[in-house]
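Colleague: One file is attached below, entry-v2.pdb, containing PDB, C-alpha atoms.
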ATOM      1  CA  LEU A   1     240.538 104.852 289.768
ATOM      2  CA  LEU A   2     237.626 107.336 289.916
ATOM      3  CA  THR A   3     238.654 108.825 286.592
ATOM      4  CA  GLY A   4     238.694 105.354 285.055
ATOM      5  CA  LEU A   5     235.219 104.606 286.455
ATOM      6  CA  LEU A   6     233.838 107.886 285.100
ATOM      7  CA  GLU A   7     235.318 107.219 281.674
ATOM      8  CA  GLY A   8     233.797 103.750 281.798
ATOM      9  CA  LEU A   9     230.366 105.206 282.611
ATOM     10  CA  VAL A  10     230.610 107.671 279.731
ATOM     11  CA  LEU A  11     231.551 104.804 277.378
ATOM     12  CA  ILE A  12     228.596 102.773 278.623
ATOM     13  CA  ASN A  13     226.276 105.720 277.940
ATOM     14  CA  TYR A  14     227.583 105.970 274.382
ATOM     15  CA  ILE A  15     227.110 102.233 273.887
ATOM     16  CA  ASP A  16     223.596 102.455 275.342
ATOM     17  CA  LEU A  17     222.762 105.325 272.969
ATOM     18  CA  ALA A  18     224.131 103.444 269.946
ATOM     19  CA  ILE A  19     222.162 100.297 270.800
ATOM     20  CA  SER A  20     218.998 102.351 271.344
ATOM     21  CA  ILE A  21     219.361 104.020 267.947
ATOM     22  CA  VAL A  22     219.897 100.651 266.259
ATOM     23  CA  LEU A  23     216.774  99.279 267.979
ATOM     24  CA  LEU A  24     214.804 102.341 266.868
ATOM     25  CA  ILE A  25     215.866 101.820 263.240
ATOM     26  CA  LEU A  26     215.034  98.102 263.505
ATOM     27  CA  ALA A  27     211.587  98.867 264.926
ATOM     28  CA  ALA A  28     210.898 101.304 262.079
ATOM     29  CA  PHE A  29     212.025  98.728 259.499
ATOM     30  CA  ILE A  30     209.846  95.953 260.963
ATOM     31  CA  LEU A  31     206.791  98.178 261.097
ATOM     32  CA  HIS A  32     207.296  99.334 257.508
ATOM     33  CA  LYS A  33     207.812  95.768 256.294
ATOM     34  CA  PHE A  34     205.028  93.979 258.160
ATOM     35  CA  VAL A  35     202.387  96.551 259.049
ATOM     36  CA  LYS A  36     202.526  99.053 256.179
ATOM     37  CA  ASN A  37     200.544 101.459 258.373
ATOM     38  CA  ASN A  38     202.239 104.861 258.323
ATOM     39  CA  ILE A  39     200.315 106.341 261.263
ATOM     40  CA  LEU A  40     201.002 103.387 263.565
ATOM     41  CA  SER A  41     204.643 103.321 262.471
ATOM     42  CA  ILE A  42     205.078 107.004 263.298
ATOM     43  CA  ILE A  43     203.449 106.588 266.721
ATOM     44  CA  VAL A  44     205.701 103.684 267.675
ATOM     45  CA  VAL A  45     208.848 105.413 266.421
ATOM     46  CA  VAL A  46     207.954 108.617 268.324
ATOM     47  CA  VAL A  47     207.319 106.690 271.566
ATOM     48  CA  PHE A  48     210.573 104.782 271.093
ATOM     49  CA  ALA A  49     212.475 108.032 270.476
ATOM     50  CA  LEU A  50     210.927 109.605 273.609
ATOM     51  CA  LYS A  51     212.003 106.551 275.580
ATOM     52  CA  ILE A  52     215.614 107.007 274.441
ATOM     53  CA  LEU A  53     215.474 110.745 275.226
ATOM     54  CA  ALA A  54     214.015 110.122 278.689
ATOM     55  CA  SER A  55     216.773 107.618 279.474
ATOM     56  CA  LEU A  56     219.481 110.064 278.364
ATOM     57  CA  LEU A  57     218.017 112.871 280.484
ATOM     58  CA  GLY A  58     217.661 110.631 283.534
ATOM     59  CA  LEU A  59     213.839 110.890 283.627
ATOM     60  CA  ASN A  60     213.416 107.486 285.214
ATOM     61  CA  HIS A  61     209.670 107.684 285.924
ATOM     62  CA  VAL A  62     208.899 108.857 282.414
ATOM     63  CA  SER A  63     211.145 106.119 281.041
ATOM     64  CA  ASP A  64     209.296 103.477 283.091
ATOM     65  CA  ILE A  65     205.932 104.691 281.809
ATOM     66  CA  LEU A  66     207.155 104.614 278.217
ATOM     67  CA  ASN A  67     208.477 101.093 278.797
ATOM     68  CA  ILE A  68     204.958  99.998 279.752
ATOM     69  CA  VAL A  69     203.500 101.743 276.692
ATOM     70  CA  LEU A  70     206.024 100.090 274.373
ATOM     71  CA  PHE A  71     205.425  96.662 275.907
ATOM     72  CA  SER A  72     201.650  97.061 275.521
ATOM     73  CA  MET A  73     202.020  98.183 271.906
ATOM     74  CA  ALA A  74     204.336  95.261 271.136
ATOM     75  CA  ALA A  75     201.818  92.794 272.599
ATOM     76  CA  ALA A  76     198.951  94.365 270.635
ATOM     77  CA  PHE A  77     201.063  94.348 267.472
ATOM     78  CA  CYS A  78     201.752  90.608 267.797
ATOM     79  CA  VAL A  79     198.055  89.820 268.322
ATOM     80  CA  ILE A  80     196.593  92.101 265.634
ATOM     81  CA  TYR A  81     199.147  91.338 262.927
ATOM     82  CA  ALA A  82     199.834  87.677 263.736
ATOM     83  CA  GLN A  83     198.581  86.396 260.367
ATOM     84  CA  GLU A  84     200.449  89.049 258.391
ATOM     85  CA  ILE A  85     203.663  88.332 260.300
ATOM     86  CA  GLN A  86     203.305  84.605 259.622
ATOM     87  CA  ARG A  87     202.647  85.224 255.926
ATOM     88  CA  GLN A  88     205.674  87.500 255.585
ATOM     89  CA  LEU A  89     207.923  85.052 257.442
ATOM     90  CA  ASN A  90     206.726  82.142 255.307
ATOM     91  CA  ALA A  91     207.496  84.176 252.214
ATOM     92  CA  ARG A  92     211.104  84.476 253.367
ATOM     93  CA  VAL A  93     211.648  80.799 254.222
ATOM     94  CA  LYS A  94     213.474  79.490 251.187
ATOM     95  CA  LEU A  95     212.818  75.978 249.992
ATOM     96  CA  THR A  96     215.781  73.807 249.217
ATOM     97  CA  LYS A  97     214.037  70.920 247.494
ATOM     98  CA  LEU A  98     212.592  72.947 244.635
ATOM     99  CA  HIS A  99     215.710  74.989 243.933
ATOM    100  CA  ASP A 100     218.111  72.091 244.378
ATOM    101  CA  ILE A 101     216.580  70.017 241.602
ATOM    102  CA  THR A 102     218.539  69.962 238.386
ATOM    103  CA  SER A 103     217.327  71.374 235.097
ATOM    104  CA  THR A 104     216.894  67.787 233.868
ATOM    105  CA  GLN A 105     214.700  66.941 236.862
ATOM    106  CA  GLN A 106     212.597  70.051 236.300
ATOM    107  CA  GLU A 107     212.218  69.164 232.628
ATOM    108  CA  ASN A 108     211.095  65.638 233.568
ATOM    109  CA  LEU A 109     208.684  67.062 236.143
ATOM    110  CA  ILE A 110     207.068  69.342 233.582
ATOM    111  CA  ASN A 111     206.851  66.520 231.041
ATOM    112  CA  GLU A 112     205.115  64.216 233.542
ATOM    113  CA  LEU A 113     202.708  67.006 234.446
ATOM    114  CA  LEU A 114     202.020  67.730 230.791
ATOM    115  CA  THR A 115     201.269  64.064 230.022
ATOM    116  CA  ALA A 116     198.930  63.804 233.009
ATOM    117  CA  ILE A 117     197.159  67.084 232.230
ATOM    118  CA  ASN A 118     196.504  66.052 228.624
ATOM    119  CA  LEU A 119     195.065  62.710 229.734
ATOM    120  CA  LEU A 120     192.924  64.255 232.464
ATOM    121  CA  SER A 121     191.696  66.978 230.117
ATOM    122  CA  ALA A 122     190.827  64.545 227.336
ATOM    123  CA  GLU A 123     188.806  62.389 229.755
ATOM    124  CA  LYS A 124     187.287  65.440 231.527
ATOM    125  CA  THR A 125     188.590  64.265 234.867
ATOM    126  CA  GLY A 126     188.635  67.101 237.383
ATOM    127  CA  ALA A 127     191.997  67.821 239.004
ATOM    128  CA  ILE A 128     193.814  70.472 241.000
ATOM    129  CA  ILE A 129     197.617  70.206 241.211
ATOM    130  CA  THR A 130     199.637  72.678 243.282
ATOM    131  CA  ILE A 131     203.397  73.013 242.834
ATOM    132  CA  GLU A 132     205.185  74.487 245.833
ATOM    133  CA  ARG A 133     207.758  77.156 245.106
ATOM    134  CA  LYS A 134     209.432  79.383 247.742
ATOM    135  CA  ASP A 135     206.553  79.670 250.225
ATOM    136  CA  ARG A 136     206.270  76.513 252.292
ATOM    137  CA  LEU A 137     202.926  74.690 252.294
ATOM    138  CA  ASP A 138     203.578  72.555 255.379
ATOM    139  CA  HIS A 139     200.250  73.476 256.977
ATOM    140  CA  TYR A 140     198.290  72.360 253.914
ATOM    141  CA  ILE A 141     200.384  69.224 253.438
ATOM    142  CA  GLN A 142     199.733  68.160 257.023
ATOM    143  CA  SER A 143     195.996  68.707 256.603
ATOM    144  CA  GLY A 144     195.811  66.296 253.648
ATOM    145  CA  ASP A 145     196.684  62.637 253.172
ATOM    146  CA  ALA A 146     200.391  61.866 252.869
ATOM    147  CA  VAL A 147     201.492  60.339 249.564
ATOM    148  CA  ASP A 148     205.291  60.804 249.409
ATOM    149  CA  CYS A 149     206.030  59.314 246.003
ATOM    150  CA  PRO A 150     207.754  60.508 242.821
ATOM    151  CA  VAL A 151     205.776  62.604 240.359
ATOM    152  CA  THR A 152     204.653  60.448 237.444
ATOM    153  CA  ALA A 153     201.813  60.925 234.999
ATOM    154  CA  GLN A 154     200.432  57.524 235.939
ATOM    155  CA  MET A 155     200.305  58.375 239.644
ATOM    156  CA  LEU A 156     198.721  61.772 238.997
ATOM    157  CA  CYS A 157     195.983  60.245 236.852
ATOM    158  CA  THR A 158     195.397  57.446 239.368
ATOM    159  CA  ILE A 159     194.945  59.864 242.270
ATOM    160  CA  PHE A 160     192.354  61.948 240.402
ATOM    161  CA  TYR A 161     190.498  58.991 238.879
ATOM    162  CA  LYS A 162     186.843  59.219 239.863
ATOM    163  CA  GLY A 163     186.016  56.994 242.793
ATOM    164  CA  THR A 164     189.489  56.833 244.328
ATOM    165  CA  PRO A 165     189.712  57.986 247.973
ATOM    166  CA  LEU A 166     192.108  60.853 247.173
ATOM    167  CA  HIS A 167     190.501  62.329 244.046
ATOM    168  CA  ASP A 168     188.474  64.961 245.893
ATOM    169  CA  GLY A 169     190.797  67.817 246.797
ATOM    170  CA  ALA A 170     194.139  69.225 245.729
ATOM    171  CA  LEU A 171     197.464  67.493 245.251
ATOM    172  CA  ILE A 172     200.674  69.197 246.404
ATOM    173  CA  ILE A 173     204.051  68.682 244.738
ATOM    174  CA  ARG A 174     207.274  69.663 246.488
ATOM    175  CA  GLY A 175     210.381  69.363 244.367
ATOM    176  CA  VAL A 176     209.940  66.136 242.420
ATOM    177  CA  THR A 177     207.731  64.450 245.026
ATOM    178  CA  ILE A 178     203.983  64.236 245.506
ATOM    179  CA  GLU A 179     203.761  65.169 249.183
ATOM    180  CA  ALA A 180     200.019  65.029 249.826
ATOM    181  CA  ALA A 181     196.616  64.646 248.203
ATOM    182  CA  SER A 182     193.025  65.350 249.208
ATOM    183  CA  VAL A 183     194.094  68.784 250.441
ATOM    184  CA  PHE A 184     191.491  71.517 250.740
ATOM    185  CA  PHE A 185     192.211  75.208 250.171
ATOM    186  CA  ILE A 186     190.091  78.143 251.284
ATOM    187  CA  PRO A 187     188.223  79.285 248.144
ATOM    188  CA  SER A 188     188.716  82.780 246.840
ATOM    189  CA  THR A 189     185.858  85.248 247.178
ATOM    190  CA  LYS A 190     187.145  87.309 244.251
ATOM    191  CA  ALA A 191     184.597  88.145 241.568
ATOM    192  CA  LEU A 192     185.329  86.092 238.441
ATOM    193  CA  SER A 193     184.060  86.502 234.910
ATOM    194  CA  GLY A 194     183.398  83.220 233.170
ATOM    195  CA  ASN A 195     182.424  79.707 234.153
ATOM    196  CA  TYR A 196     184.606  78.797 237.126
ATOM    197  CA  GLY A 197     183.809  76.053 239.611
ATOM    198  CA  ALA A 198     184.890  75.145 243.142
ATOM    199  CA  ARG A 199     188.301  73.836 242.012
ATOM    200  CA  HIS A 200     189.093  77.097 240.250
ATOM    201  CA  ARG A 201     188.134  79.145 243.304
ATOM    202  CA  ALA A 202     190.257  76.894 245.531
ATOM    203  CA  ALA A 203     193.211  77.284 243.157
ATOM    204  CA  LEU A 204     192.782  81.051 243.100
ATOM    205  CA  GLY A 205     192.482  81.049 246.900
ATOM    206  CA  ILE A 206     195.849  79.363 247.472
ATOM    207  CA  SER A 207     197.487  81.607 244.856
ATOM    208  CA  GLU A 208     196.368  84.662 246.847
ATOM    209  CA  VAL A 209     198.285  83.642 249.985
ATOM    210  CA  CYS A 210     201.489  82.124 248.564
ATOM    211  CA  ASP A 211     203.594  81.885 245.402
ATOM    212  CA  ALA A 212     202.599  78.322 244.479
ATOM    213  CA  VAL A 213     201.564  77.466 240.919
ATOM    214  CA  THR A 214     198.257  75.599 240.690
ATOM    215  CA  ILE A 215     196.940  73.735 237.656
ATOM    216  CA  VAL A 216     193.203  73.072 237.347
ATOM    217  CA  VAL A 217     191.453  70.695 234.977
ATOM    218  CA  SER A 218     187.721  71.319 234.655
ATOM    219  CA  GLU A 219     185.473  68.320 235.156
ATOM    220  CA  GLN A 220     182.748  69.842 232.982
ATOM    221  CA  THR A 221     184.747  71.035 229.984
ATOM    222  CA  GLY A 222     188.249  69.563 230.322
ATOM    223  CA  ARG A 223     189.592  73.111 230.110
ATOM    224  CA  VAL A 224     192.994  73.709 231.706
ATOM    225  CA  SER A 225     193.632  76.776 233.856
ATOM    226  CA  ILE A 226     196.606  77.953 235.880
ATOM    227  CA  ALA A 227     196.374  80.081 239.029
ATOM    228  CA  TYR A 228     199.356  82.133 240.136
ATOM    229  CA  SER A 229     199.856  85.303 242.166
ATOM    230  CA  GLY A 230     196.146  85.940 242.698
ATOM    231  CA  GLU A 231     195.205  85.479 239.041
ATOM    232  CA  ILE A 232     193.778  82.552 237.081
ATOM    233  CA  ILE A 233     194.066  82.146 233.321
ATOM    234  CA  SER A 234     192.874  79.577 230.797
ATOM    235  CA  VAL A 235     195.741  77.879 228.979
ATOM    236  CA  ASN A 236     195.756  76.160 225.636
ATOM    237  CA  ARG A 237     197.132  72.641 225.994
ATOM    238  CA  ASP A 238     199.794  73.443 223.410
ATOM    239  CA  ASN A 239     201.109  76.280 225.579
ATOM    240  CA  ILE A 240     201.022  74.615 229.012
ATOM    241  CA  LYS A 241     204.671  73.599 228.928
ATOM    242  CA  ASP A 242     205.920  77.102 228.154
ATOM    243  CA  VAL A 243     203.676  78.670 230.803
ATOM    244  CA  LEU A 244     204.834  76.217 233.469
ATOM    245  CA  LYS A 245     208.484  76.851 232.594
ATOM    246  CA  ASP A 246     207.939  80.588 232.963
ATOM    247  CA  TYR A 247     206.200  80.284 236.337
ATOM    248  CA  LEU A 248     208.561  77.707 237.846
ATOM    249  CA  SER A 249     211.690  79.547 236.771
ATOM    250  CA  ASP A 250     210.453  82.930 237.999
TER     251      ASP A 250
END
Translate the structure of the given file into structure tokens.

Modeller:
Amino acid sequence: LLTGLLEGLVLINYIDLAISIVLLILAAFILHKFVKNNILSIIVVVVFALKILASLLGLNHVSDILNIVLFSMAAAFCVIYAQEIQRQLNARVKLTKLHDITSTQQENLINELLTAINLLSAEKTGAIITIERKDRLDHYIQSGDAVDCPVTAQMLCTIFYKGTPLHDGALIIRGVTIEAASVFFIPSTKALSGNYGARHRAALGISEVCDAVTIVVSEQTGRVSIAYSGEIISVNRDNIKDVLKDYLSD
């Protein structure tokens, strides 16, 4: 019986060591992925490794102290890097609506957008249209006015028509549905060369924090621009369809 108990204790120690090593590797991976701070990552990994060593050697007091240090560091990590953690998690939440639409639906979506953009550009009606991709825009959708209707050129032009309640702000498309309008994005503070207004800075701002594609129509010139991945480019109306296909299929 005693021999069996001793063998069981040895097995438990091996299991404890294996779990500790797995946790150490997981901690290193999380720090590398979210923090990207080599010094902080090394400190945490070293403390974690010392904790495992202290447990194996039976240094209970040292192990308790290291537990407190690890807990304090974990709490500080969550507070300091809360925004970065949220951004990284959002980037890994896959949308189903956008990727479940058929190629025919995507083609129709682009055609409706193209018709609306040409009309808005010709009439110099300012517009900002954001198409959600993999990063969810729930927070922005909830901050705007719910629309929840199919994407049509007529509806897009109606929303941005001067004088309508929803024309001031961005419009968000999820899948083949207009989810919300009158949405405001935090403008980018990036230095820009050229004549860019508030809509362009808002479009650039949202492109810096997610992978959405945002189309801007200038109210002053009718010029069409597209913001994606922290960059904004002017697009010839003849090339808009090809550019949108490239961005949405990326």

Colleague: Suppose you want the space between CA of Leu248 (chain A) and CA of Ile233 (chain A); what is it in Å?

Modeller: 15.8 Å

Colleague: Of the candidates A:Leu57, A:Val47, A:Ala153, A:Ile129, which shows the shortest atom-to-atom distance to Ala74 (chain A), using only C-alpha atoms?

Modeller: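 Smallest separation from Ala74 (chain A) among the options: A:Val47.
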
Colleague: Carefully work through the PyMOL selection byres ((chain A and resi 216-229) around 7) for this structure and note down the residues it includes, as a PyMOL selection string.

Modeller: chain A and resi 121-122+124-129+199-200+203-204+207-208+211-215+230-235

Colleague: Would you pick out the contacts of Ile141 (chain A) at 8 Å or less, using only C-alpha atoms, so that residues sharing its chain but fewer than 3 positions from it are not included, and give the list as a PyMOL selection string?

Modeller: chain A and resi 137-138+144-146+172+179-181+183

Colleague: What is the distance, in Å and to one decimal place, between CA of Gln154 (chain A) and CA of Ala116 (chain A)?

Modeller: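 Taking CA of Gln154 (chain A) as the start and CA of Ala116 (chain A) as the end point, the length is 7.1 Å.
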
Colleague: I'd like the interatomic distance between CA of Asn111 (chain A) and CA of Arg133 (chain A), to a tenth of an Å.

Modeller: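 Separating CA of Asn111 (chain A) from CA of Arg133 (chain A) is a distance of 17.7 Å.
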
Colleague: Generate the coordinates of N, CA, C and O atoms for region 190-215 of chain A; report them as a compact mmCIF listing (two decimals), keeping the file's coordinate frame.

Modeller:
# COMPACT_ATOMS: atom_id res chain seq x y z
N LYS A 190 186.97 86.32 245.31
CA LYS A 190 187.14 87.31 244.25
C LYS A 190 186.11 87.11 243.15
O LYS A 190 185.79 85.97 242.77
N ALA A 191 185.56 88.21 242.66
CA ALA A 191 184.60 88.14 241.57
C ALA A 191 185.29 87.68 240.29
O ALA A 191 186.33 88.22 239.91
N LEU A 192 184.73 86.66 239.65
CA LEU A 192 185.33 86.09 238.44
C LEU A 192 184.35 86.17 237.28
O LEU A 192 183.16 85.94 237.45
N SER A 193 184.88 86.49 236.12
CA SER A 193 184.06 86.50 234.91
C SER A 193 184.31 85.21 234.15
O SER A 193 185.44 84.85 233.87
N GLY A 194 183.24 84.50 233.86
CA GLY A 194 183.40 83.22 233.17
C GLY A 194 182.87 82.09 234.02
O GLY A 194 182.41 82.27 235.15
N ASN A 195 182.95 80.89 233.48
CA ASN A 195 182.42 79.71 234.15
C ASN A 195 183.52 79.03 234.97
O ASN A 195 184.30 78.23 234.46
N TYR A 196 183.61 79.37 236.24
CA TYR A 196 184.61 78.80 237.13
C TYR A 196 183.92 78.08 238.27
O TYR A 196 182.98 78.61 238.89
N GLY A 197 184.41 76.85 238.55
CA GLY A 197 183.81 76.05 239.61
C GLY A 197 184.59 76.12 240.91
O GLY A 197 185.45 76.98 241.11
N ALA A 198 184.28 75.17 241.80
CA ALA A 198 184.89 75.14 243.14
C ALA A 198 186.40 74.93 243.07
O ALA A 198 187.16 75.52 243.85
N ARG A 199 186.86 74.08 242.15
CA ARG A 199 188.30 73.84 242.01
C ARG A 199 189.04 75.12 241.62
O ARG A 199 190.12 75.39 242.12
N HIS A 200 188.45 75.87 240.70
CA HIS A 200 189.09 77.10 240.25
C HIS A 200 189.18 78.12 241.39
O HIS A 200 190.20 78.79 241.55
N ARG A 201 188.12 78.21 242.18
CA ARG A 201 188.13 79.14 243.30
C ARG A 201 189.14 78.71 244.37
O ARG A 201 189.79 79.55 245.01
N ALA A 202 189.27 77.40 244.57
CA ALA A 202 190.26 76.89 245.53
C ALA A 202 191.67 77.20 245.04
O ALA A 202 192.54 77.60 245.82
N ALA A 203 191.89 77.00 243.74
CA ALA A 203 193.21 77.28 243.16
C ALA A 203 193.54 78.76 243.27
O ALA A 203 194.67 79.14 243.61
N LEU A 204 192.57 79.61 243.00
CA LEU A 204 192.78 81.05 243.10
C LEU A 204 193.03 81.44 244.55
O LEU A 204 193.87 82.31 244.85
N GLY A 205 192.32 80.76 245.48
CA GLY A 205 192.48 81.05 246.90
C GLY A 205 193.89 80.79 247.40
O GLY A 205 194.48 81.63 248.10
N ILE A 206 194.48 79.66 247.02
CA ILE A 206 195.85 79.36 247.47
C ILE A 206 196.85 80.28 246.79
O ILE A 206 197.88 80.65 247.38
N SER A 207 196.56 80.72 245.56
CA SER A 207 197.49 81.61 244.86
C SER A 207 197.49 83.01 245.46
O SER A 207 198.43 83.78 245.24
N GLU A 208 196.45 83.34 246.22
CA GLU A 208 196.37 84.66 246.85
C GLU A 208 197.19 84.76 248.13
O GLU A 208 197.48 85.86 248.60
N VAL A 209 197.57 83.62 248.70
CA VAL A 209 198.28 83.64 249.98
C VAL A 209 199.71 83.11 249.88
O VAL A 209 200.44 83.13 250.87
N CYS A 210 200.12 82.62 248.72
CA CYS A 210 201.49 82.12 248.56
C CYS A 210 201.87 82.19 247.09
O CYS A 210 201.07 82.58 246.25
N ASP A 211 203.11 81.78 246.79
CA ASP A 211 203.59 81.89 245.40
C ASP A 211 203.53 80.56 244.66
O ASP A 211 204.20 80.40 243.63
N ALA A 212 202.73 79.62 245.15
CA ALA A 212 202.60 78.32 244.48
C ALA A 212 201.92 78.47 243.11
O ALA A 212 201.16 79.42 242.88
N VAL A 213 202.21 77.52 242.24
CA VAL A 213 201.56 77.47 240.92
C VAL A 213 200.56 76.33 240.96
O VAL A 213 200.90 75.20 241.31
N THR A 214 199.31 76.61 240.60
CA THR A 214 198.26 75.60 240.69
C THR A 214 197.60 75.38 239.34
O THR A 214 197.16 76.35 238.69
N ILE A 215 197.55 74.13 238.93
CA ILE A 215 196.94 73.74 237.66
C ILE A 215 195.56 73.15 237.94
O ILE A 215 195.40 72.32 238.84
